[in-house]
Each structure stands twice: as C-alpha cells, then as structure tokens.
Amino acid sequence: MTSTTKLFAVTEQSGVHIITPHGDALSHRDVDVQREATMVNDRLREDNVQRLVVDLSQGNYFGSLMIGILNSFGQTVKAQGGNMVLSGASTDMQAIMKVMKLDTLWPMFPNRNDAIKVAKAWKD
C-alpha cells in the first residue's frame, strides 16, 4: 500500500504507516499543498491509522506550512487513538521543532528504523 503525490510518499511497513515529505512546500502553490495534505489526511482516516512515522530525512528544512500539515497528520492519528513520531530531522529542523515545543508532542528519532521500532511497540 504505497501512494505518492508531488509532496508526500505514503507507505506501510509492519503495520506502521510512514509519510515521507519530498522536501518543503515552498516550491509548490499553497492550494496544491493543501489539496495533497487533505488527500493524505483522508487516507489516514480511511485506514484508521494508529501508528505513524513521519520521515523528514528528504529535506533539511521545512517551513511553517509544512510543519502545520505534519501537525495535522499527528492530530488526525491522535484523534483515532494512535500516535505519531518523527524521524530523520536535520539538526536545524530539530532545533526549530524544539523551539516550537513540537518535540513534546511528537517524539523525534534519529532515523526511520528507530522510529518504526518504537511505533511497532505501541498497543492498539
């Protein structure tokens, strides 16, 4: 179950959904970004996703629009009784997330494999 849009790749591995943004949204029209984010959020709801990893390794920096979208993914999963973690954030992005206190909402892991291990351990 893999789907790809211009901005996001969505895959599943061992019962964990993984969203990988293809860089920041700055080079795309806001309306296109919002449309794709809505599509991904709809899929999270349809699949009743409980375990979500967002892999940030494909970009060094994500702006406020993308951070808001990632937060919406986390809120969607949380509303369904699930959890989200972040992985692969650059050092700069980690610092931004800490300033915004998003690291207290969504735990961060250095790489996708570590994040998947944690997510797989969550109970339904």
# chains A, B, ... in the order shown; residues from 1 in each chain; ligands from 1

call {"tool": "select_by_dssp", "arguments": {"residues": "stretch 24-85 of chain A", "states": "strand (DSSP E or B)", "output": "VMD selection string"}}
result
chain A and resid 51 to 55 83 to 85

call {"tool": "residues_around", "arguments": {"residues": "A:Leu105", "least_positions_apart": "2", "cutoff": "12 Å", "atoms": "only C-alpha atoms", "output": "VMD selection string"}}
result
chain A and resid 70 to 72 74 to 75 78 83 to 86 97 to 98 100 to 103 107 to 108

call {"tool": "residues_around", "arguments": {"residues": "A:Met66", "least_positions_apart": "2", "cutoff": "12 Å", "atoms": "only C-alpha atoms", "output": "number ranges by chain"}}
result
A: 7-8, 20-28, 30, 33-34, 36-37, 54, 56, 59, 61-64, 68-73, 93

call {"tool": "select_by_dssp", "arguments": {"residues": "stretch 7-112 of chain A", "states": "alpha helix (DSSP H)", "output": "number ranges by chain"}}
result
A: 30-46, 64-79, 91-99, 112

call {"tool": "write_last_selection", "arguments": {"atoms": "C-alpha atoms", "output": "CSV table (one decimal), in the first residue's frame"}}
result
chain,number,residue,atom,x,y,z
A,30,ASP,CA,-0.3,26.7,-1.4
A,31,VAL,CA,-3.6,25.4,-2.9
A,32,ASP,CA,-1.8,22.3,-4.3
A,33,VAL,CA,0.0,21.7,-0.9
A,34,GLN,CA,-3.3,21.9,0.9
A,35,ARG,CA,-5.1,19.6,-1.5
A,36,GLU,CA,-2.4,17.0,-1.2
A,37,ALA,CA,-2.4,17.3,2.6
A,38,THR,CA,-6.1,16.8,2.6
A,39,MET,CA,-5.7,13.6,0.5
A,40,VAL,CA,-3.2,12.2,2.9
A,41,ASN,CA,-5.3,13.1,6.0
A,42,ASP,CA,-8.3,11.4,4.3
A,43,ARG,CA,-6.3,8.3,3.8
A,44,LEU,CA,-5.1,8.3,7.4
A,45,ARG,CA,-8.8,8.4,8.5
A,46,GLU,CA,-9.9,5.8,5.9
A,64,SER,CA,5.6,26.7,8.8
A,65,LEU,CA,3.1,25.5,6.2
A,66,MET,CA,4.7,22.0,6.1
A,67,ILE,CA,5.1,21.9,9.9
A,68,GLY,CA,1.4,22.8,10.2
A,69,ILE,CA,0.5,20.0,7.8
A,70,LEU,CA,2.6,17.5,9.7
A,71,ASN,CA,1.0,18.5,12.9
A,72,SER,CA,-2.4,17.9,11.3
A,73,PHE,CA,-1.3,14.4,10.4
A,74,GLY,CA,-0.4,13.8,14.0
A,75,GLN,CA,-3.7,15.3,15.2
A,76,THR,CA,-5.7,13.0,12.9
A,77,VAL,CA,-3.9,9.9,14.1
A,78,LYS,CA,-4.2,11.1,17.8
A,79,ALA,CA,-8.0,11.6,17.4
A,91,THR,CA,20.0,19.3,13.1
A,92,ASP,CA,18.5,22.6,12.1
A,93,MET,CA,15.0,21.2,11.9
A,94,GLN,CA,15.4,19.5,15.3
A,95,ALA,CA,16.3,22.9,16.8
A,96,ILE,CA,13.2,24.5,15.2
A,97,MET,CA,10.9,21.8,16.5
A,98,LYS,CA,12.3,22.2,20.0
A,99,VAL,CA,11.8,26.0,19.9
A,112,ARG,CA,13.3,5.7,10.3

call {"tool": "atom_distance", "arguments": {"atom1": "atom CA of A:Ser57", "atom2": "atom CA of A:Val118"}}
result
17.6 Å

call {"tool": "residues_around", "arguments": {"residues": "A:Asn111", "least_positions_apart": "5", "cutoff": "8 Å", "atoms": "only C-alpha atoms", "output": "PyMOL selection string"}}
result
chain A and resi 55+57+87-88

call {"tool": "write_last_selection", "arguments": {"atoms": "N, CA and C atoms", "output": "PDB file, in the first residue's frame"}}
result
ATOM      1  N   ASP A  55       8.935  10.657   8.205  1.00  0.00           N
ATOM      2  CA  ASP A  55      10.364  10.617   7.921  1.00  0.00           C
ATOM      3  C   ASP A  55      10.768  11.931   7.253  1.00  0.00           C
ATOM      4  N   SER A  57      13.793  12.942   6.509  1.00  0.00           N
ATOM      5  CA  SER A  57      15.164  12.857   6.003  1.00  0.00           C
ATOM      6  C   SER A  57      15.344  13.390   4.585  1.00  0.00           C
ATOM      7  N   SER A  87      11.092  11.226  12.397  1.00  0.00           N
ATOM      8  CA  SER A  87      12.430  10.652  12.266  1.00  0.00           C
ATOM      9  C   SER A  87      13.225  11.410  11.215  1.00  0.00           C
ATOM     10  N   GLY A  88      14.529  11.315  11.334  1.00  0.00           N
ATOM     11  CA  GLY A  88      15.428  11.823  10.314  1.00  0.00           C
ATOM     12  C   GLY A  88      15.499  13.325  10.150  1.00  0.00           C
TER      13      GLY A  88
END

call {"tool": "atom_distance", "arguments": {"atom1": "atom CA of A:Gln50", "atom2": "atom CA of A:Ala121"}}
result
11.5 Å

call {"tool": "atom_distance", "arguments": {"atom1": "atom CA of A:Phe109", "atom2": "atom CA of A:Ala89"}}
result
8.0 Å
